[in-house]
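J.: Could you have a look at this structure, given as structure tokens, before my questions?
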Amino acid sequence: MPNIEQRDPGDRPNWRRIVDFPLVAMIIGIVVFACIVVIGGFVQKSHPPMSKVEFTALFTALNVALCFAGYKLVLRHLGERPRDDLRFQGAAKNLGVGLAIGFALFAAVVGIAYLVGAYRITGCCSADRLLVDLLNQGIMAAVLEELLFRGILLRWIEEFGGSWAALLVTAALFGLAHGANPNATWFSSLSIALEAGLLLGGAYMLTRSLWLPMGLHAGWNFTQGFLFDVPVSGQPEQGLVTAKLSGPVLLSGGPFGLEASIIAVALATAAGVWMIMLVSRRGQLVSPAWVRRRNITAR
């Protein structure tokens, strides 16, 4: 179990005990996240005239800044086991490792798809959109989604119900959240839950930091959409090359993209399971709150 300092209940007033209860802390975190989204949406609708690149850069910077402010000012102080999952020590290393893993994993997915005839390059595209797409899907989506699913939901579900419950619930929710995407199917949602939910959850639990899953998420998205021209979770993108997916849907993922292929499911899920096994071997899995309390009482 991670060595995380727990507040002494006897040192806290009643209101603080309520606020620090894991599920209450999670609700507060969701409210903070909703405020970030609302503020970002307001700016998106009321910004002055500017180019798409300028607006995307401004919008991304604002959302990232709001996420960091909300986390540093509120979220890291919540819960019975407060900690900073966006600490700057080791941030560059974990972010870089995450980017490298995300790139390597999806490059391997594309390579296998090419070998089995499910992916082929048909031409080259202009790189003009790459900056916009890098900011929008590569950075902003990774920061926002990881803050919500790993930094808020997984963290406090784990604190209440333990690591296994947190992994299963957040993986399922992550898959369901992508069910409204263009070209989504029940299999694409299941695929996202397995390959991304377990992989990103394992990355978070392994480091107890959001930097590794954020980097992995960004590297995965940017590699598939903006290097290899593969739809990102059903969203068609313009890549550095022009490519086409074909053949059996199980291999190509169909219109949703390679994330819904058994190739991505096998590789990314295997990587996620490996990370979770490392977490277990290091004794970093968290027991449910009632088990921890029972063990403390029995001592």
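How things are named: the first chain in the structure tokens is A, the next is B, and so on; residues count from 1 in each chain; ligands count from 1 in the order shown.
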Near segment 247-254 of chain A, within 7 Å and counting only C-alpha atoms, which residues show up once chain neighbours fewer than 4 positions away are dropped, as a PyMOL selection string?

T.: chain A and resi 113+118+258-263

J.: So that I have them on file, write out the residues from the current selection with N, CA and C atoms, as a PDB file, in the first residue's frame.

T.:
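Output below, filename result.pdb:
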ATOM      1  N   ALA A 113      -0.851  -3.298 -38.091  1.00  0.00           N
ATOM      2  CA  ALA A 113      -1.977  -3.107 -39.014  1.00  0.00           C
ATOM      3  C   ALA A 113      -1.484  -3.037 -40.460  1.00  0.00           C
ATOM      4  N   ALA A 118      -4.294  -3.876 -43.018  1.00  0.00           N
ATOM      5  CA  ALA A 118      -5.410  -3.062 -42.528  1.00  0.00           C
ATOM      6  C   ALA A 118      -5.118  -1.568 -42.609  1.00  0.00           C
ATOM      7  N   LEU A 258      -8.237   2.559 -35.359  1.00  0.00           N
ATOM      8  CA  LEU A 258      -7.503   1.399 -34.847  1.00  0.00           C
ATOM      9  C   LEU A 258      -7.672   1.177 -33.350  1.00  0.00           C
ATOM     10  N   GLU A 259      -8.156   2.165 -32.622  1.00  0.00           N
ATOM     11  CA  GLU A 259      -8.420   1.953 -31.198  1.00  0.00           C
ATOM     12  C   GLU A 259      -9.472   0.868 -30.983  1.00  0.00           C
ATOM     13  N   ALA A 260     -10.328   0.639 -31.979  1.00  0.00           N
ATOM     14  CA  ALA A 260     -11.359  -0.393 -31.873  1.00  0.00           C
ATOM     15  C   ALA A 260     -10.928  -1.684 -32.554  1.00  0.00           C
ATOM     16  N   SER A 261      -9.628  -1.847 -32.784  1.00  0.00           N
ATOM     17  CA  SER A 261      -9.122  -3.077 -33.392  1.00  0.00           C
ATOM     18  C   SER A 261      -8.558  -3.992 -32.310  1.00  0.00           C
ATOM     19  N   ILE A 262      -8.534  -5.286 -32.600  1.00  0.00           N
ATOM     20  CA  ILE A 262      -7.971  -6.224 -31.624  1.00  0.00           C
ATOM     21  C   ILE A 262      -6.465  -6.023 -31.492  1.00  0.00           C
ATOM     22  N   ILE A 263      -5.854  -5.369 -32.469  1.00  0.00           N
ATOM     23  CA  ILE A 263      -4.408  -5.094 -32.384  1.00  0.00           C
ATOM     24  C   ILE A 263      -4.144  -4.130 -31.236  1.00  0.00           C
TER      25      ILE A 263
END

J.: Give me the residues near Ser163 of chain A as a list in words, where near means some atom within 9 Å (using only C-alpha atoms) and where sequence neighbours in that chain fewer than 3 positions away do not count.

T.: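 So the residues in contact are Leu154, Arg155, Ile157, Glu158, Glu159, Ala166, Leu167, Leu168, Met205, Gln284, Leu285, Val286, Ser287 and Pro288 of chain A.
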
J.: Restricted to N, CA and C atoms, what would the selected residues look like written as an mmCIF file, in the first residue's frame?

T.:
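Output saved as again_22.cif:
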data_model
loop_
_atom_site.group_PDB
_atom_site.id
_atom_site.type_symbol
_atom_site.label_atom_id
_atom_site.label_comp_id
_atom_site.auth_asym_id
_atom_site.auth_seq_id
_atom_site.Cartn_x
_atom_site.Cartn_y
_atom_site.Cartn_z
ATOM 1 N N LEU A 154 -10.543 8.167 -10.150
ATOM 2 C CA LEU A 154 -9.776 6.996 -9.707
ATOM 3 C C LEU A 154 -9.202 7.228 -8.319
ATOM 4 N N ARG A 155 -8.676 8.432 -8.098
ATOM 5 C CA ARG A 155 -8.030 8.706 -6.808
ATOM 6 C C ARG A 155 -8.957 8.466 -5.636
ATOM 7 N N ILE A 157 -12.168 7.099 -5.639
ATOM 8 C CA ILE A 157 -12.812 5.777 -5.603
ATOM 9 C C ILE A 157 -11.846 4.778 -4.995
ATOM 10 N N GLU A 158 -10.562 4.916 -5.333
ATOM 11 C CA GLU A 158 -9.548 4.041 -4.759
ATOM 12 C C GLU A 158 -9.446 4.243 -3.253
ATOM 13 N N GLU A 159 -9.468 5.495 -2.819
ATOM 14 C CA GLU A 159 -9.358 5.784 -1.386
ATOM 15 C C GLU A 159 -10.528 5.186 -0.615
ATOM 16 N N ALA A 166 -11.519 0.856 -8.106
ATOM 17 C CA ALA A 166 -11.229 2.107 -8.810
ATOM 18 C C ALA A 166 -10.845 1.850 -10.262
ATOM 19 N N LEU A 167 -10.027 0.840 -10.491
ATOM 20 C CA LEU A 167 -9.630 0.496 -11.858
ATOM 21 C C LEU A 167 -10.824 0.084 -12.702
ATOM 22 N N LEU A 168 -11.644 -0.813 -12.163
ATOM 23 C CA LEU A 168 -12.787 -1.319 -12.922
ATOM 24 C C LEU A 168 -13.806 -0.219 -13.211
ATOM 25 N N MET A 205 -1.367 4.660 -11.080
ATOM 26 C CA MET A 205 -1.102 3.944 -9.845
ATOM 27 C C MET A 205 0.384 3.635 -9.675
ATOM 28 N N GLN A 284 1.781 -1.544 -3.810
ATOM 29 C CA GLN A 284 1.167 -0.226 -3.916
ATOM 30 C C GLN A 284 -0.342 -0.277 -4.107
ATOM 31 N N LEU A 285 -0.930 -1.458 -4.138
ATOM 32 C CA LEU A 285 -2.383 -1.547 -4.247
ATOM 33 C C LEU A 285 -3.020 -1.110 -2.937
ATOM 34 N N VAL A 286 -4.106 -0.374 -3.035
ATOM 35 C CA VAL A 286 -4.788 0.168 -1.860
ATOM 36 C C VAL A 286 -5.993 -0.695 -1.524
ATOM 37 N N SER A 287 -6.131 -1.064 -0.258
ATOM 38 C CA SER A 287 -7.297 -1.827 0.202
ATOM 39 C C SER A 287 -8.474 -0.892 0.399
ATOM 40 N N PRO A 288 -9.706 -1.418 0.366
ATOM 41 C CA PRO A 288 -10.875 -0.581 0.659
ATOM 42 C C PRO A 288 -10.766 0.051 2.034
#

J.: Step one, run DSSP on the backbone; step two, keep only residues of segment 1-120 of chain A assigned to helix (DSSP H, G or I); then write them as a PyMOL selection string.

T.: chain A and resi 9-11+14-20+22-46+52-73+75-77+91-115

J.: Include C-alpha atoms and write out the residues we just selected as a CSV table (one decimal), in the first residue's frame.

T.:
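In the end it all went to result01.csv:
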chain,number,residue,atom,x,y,z
A,9,PRO,CA,-9.5,12.1,12.5
A,10,GLY,CA,-9.2,13.5,16.1
A,11,ASP,CA,-7.4,16.6,14.8
A,14,ASN,CA,-16.6,17.7,11.9
A,15,TRP,CA,-17.0,19.7,8.7
A,16,ARG,CA,-13.5,18.8,7.7
A,17,ARG,CA,-14.2,15.1,8.3
A,18,ILE,CA,-17.2,15.4,6.0
A,19,VAL,CA,-15.2,17.2,3.3
A,20,ASP,CA,-12.4,14.7,3.5
A,22,PRO,CA,-13.5,10.1,-0.2
A,23,LEU,CA,-16.8,10.3,-2.0
A,24,VAL,CA,-17.5,13.8,-0.8
A,25,ALA,CA,-14.0,14.9,-1.9
A,26,MET,CA,-14.7,13.3,-5.3
A,27,ILE,CA,-17.9,15.2,-5.7
A,28,ILE,CA,-16.1,18.5,-4.8
A,29,GLY,CA,-13.4,17.5,-7.4
A,30,ILE,CA,-16.1,17.0,-10.0
A,31,VAL,CA,-17.6,20.4,-9.2
A,32,VAL,CA,-14.2,22.0,-9.6
A,33,PHE,CA,-13.7,20.3,-12.9
A,34,ALA,CA,-17.2,21.4,-14.1
A,35,CYS,CA,-16.3,25.0,-13.2
A,36,ILE,CA,-13.1,24.6,-15.4
A,37,VAL,CA,-15.2,23.4,-18.3
A,38,VAL,CA,-17.8,26.1,-17.9
A,39,ILE,CA,-15.2,28.9,-17.8
A,40,GLY,CA,-13.4,27.4,-20.8
A,41,GLY,CA,-16.7,27.1,-22.7
A,42,PHE,CA,-17.5,30.8,-21.9
A,43,VAL,CA,-14.1,31.9,-23.3
A,44,GLN,CA,-14.7,29.7,-26.4
A,45,LYS,CA,-17.9,31.5,-27.2
A,46,SER,CA,-16.8,35.1,-26.4
A,52,LYS,CA,-7.6,29.2,-35.5
A,53,VAL,CA,-4.0,28.6,-34.4
A,54,GLU,CA,-4.1,31.6,-32.1
A,55,PHE,CA,-7.4,30.7,-30.7
A,56,THR,CA,-6.4,27.0,-30.1
A,57,ALA,CA,-3.2,28.1,-28.4
A,58,LEU,CA,-5.1,30.5,-26.2
A,59,PHE,CA,-7.9,28.1,-25.4
A,60,THR,CA,-5.5,25.2,-24.6
A,61,ALA,CA,-3.3,27.4,-22.4
A,62,LEU,CA,-6.3,28.7,-20.5
A,63,ASN,CA,-7.7,25.2,-19.9
A,64,VAL,CA,-4.4,23.8,-18.8
A,65,ALA,CA,-3.8,26.8,-16.5
A,66,LEU,CA,-7.3,26.4,-15.0
A,67,CYS,CA,-6.7,22.7,-14.4
A,68,PHE,CA,-3.4,23.4,-12.7
A,69,ALA,CA,-4.9,26.2,-10.6
A,70,GLY,CA,-7.9,24.1,-9.6
A,71,TYR,CA,-5.7,21.2,-8.7
A,72,LYS,CA,-3.1,23.2,-6.7
A,73,LEU,CA,-5.5,25.4,-4.9
A,75,LEU,CA,-7.9,19.2,-5.2
A,76,ARG,CA,-4.5,18.4,-3.7
A,77,HIS,CA,-5.8,19.5,-0.2
A,91,ALA,CA,7.5,15.8,-13.8
A,92,ALA,CA,9.7,16.1,-16.9
A,93,LYS,CA,10.9,12.5,-16.6
A,94,ASN,CA,7.4,11.0,-16.2
A,95,LEU,CA,6.0,13.2,-18.9
A,96,GLY,CA,8.7,12.3,-21.3
A,97,VAL,CA,8.5,8.6,-20.5
A,98,GLY,CA,4.7,8.8,-21.0
A,99,LEU,CA,5.1,10.5,-24.4
A,100,ALA,CA,7.6,7.8,-25.5
A,101,ILE,CA,5.4,4.9,-24.4
A,102,GLY,CA,2.3,6.4,-26.1
A,103,PHE,CA,4.3,6.9,-29.3
A,104,ALA,CA,5.8,3.5,-29.2
A,105,LEU,CA,2.6,1.7,-28.5
A,106,PHE,CA,0.6,3.2,-31.3
A,107,ALA,CA,3.4,3.1,-33.7
A,108,ALA,CA,3.5,-0.7,-33.0
A,109,VAL,CA,-0.3,-0.8,-33.6
A,110,VAL,CA,0.1,0.9,-36.9
A,111,GLY,CA,3.0,-1.3,-37.9
A,112,ILE,CA,1.1,-4.5,-37.2
A,113,ALA,CA,-2.0,-3.1,-39.0
A,114,TYR,CA,0.2,-2.3,-42.0
A,115,LEU,CA,1.7,-5.9,-42.0

J.: Name the closest residue to Arg208 of chain A among the candidates A:Asp84, A:Thr297, A:Val230, A:Ser280; distances are taken between atoms, counting only C-alpha atoms.

T.: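 Result for the nearest residue to Arg208 of chain A: A:Asp84.
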
J.: Ranking A:Ile152, A:Leu245, A:Leu144, A:Ala184 by minimum distance to Tyr119 of chain A and counting only C-alpha atoms, which one comes first?

T.: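 Answer, going by the shortest atom-to-atom distance: A:Leu245.
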
J.: Report, in Å with one decimal, the straight-line distance from atom CA of Phe256 of chain A to atom CA of Ser51 of chain A.

T.: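 Value for the atom CA of Phe256 of chain A-atom CA of Ser51 of chain A distance: 29.3 Å.
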
J.: Work out how far atom CA of Gly197 of chain A is from atom CA of Ala141 of chain A, in Å to one decimal.

T.: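 Between atom CA of Ala141 of chain A and atom CA of Gly197 of chain A the gap is 14.8 Å.
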
J.: Using only C-alpha atoms, which of the listed residues (A:Thr207, A:Leu267, A:Pro255, A:Gly138) sits closest to Phe222 of chain A?

T.: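 Closest to Phe222 of chain A, using only C-alpha atoms: A:Gly138.
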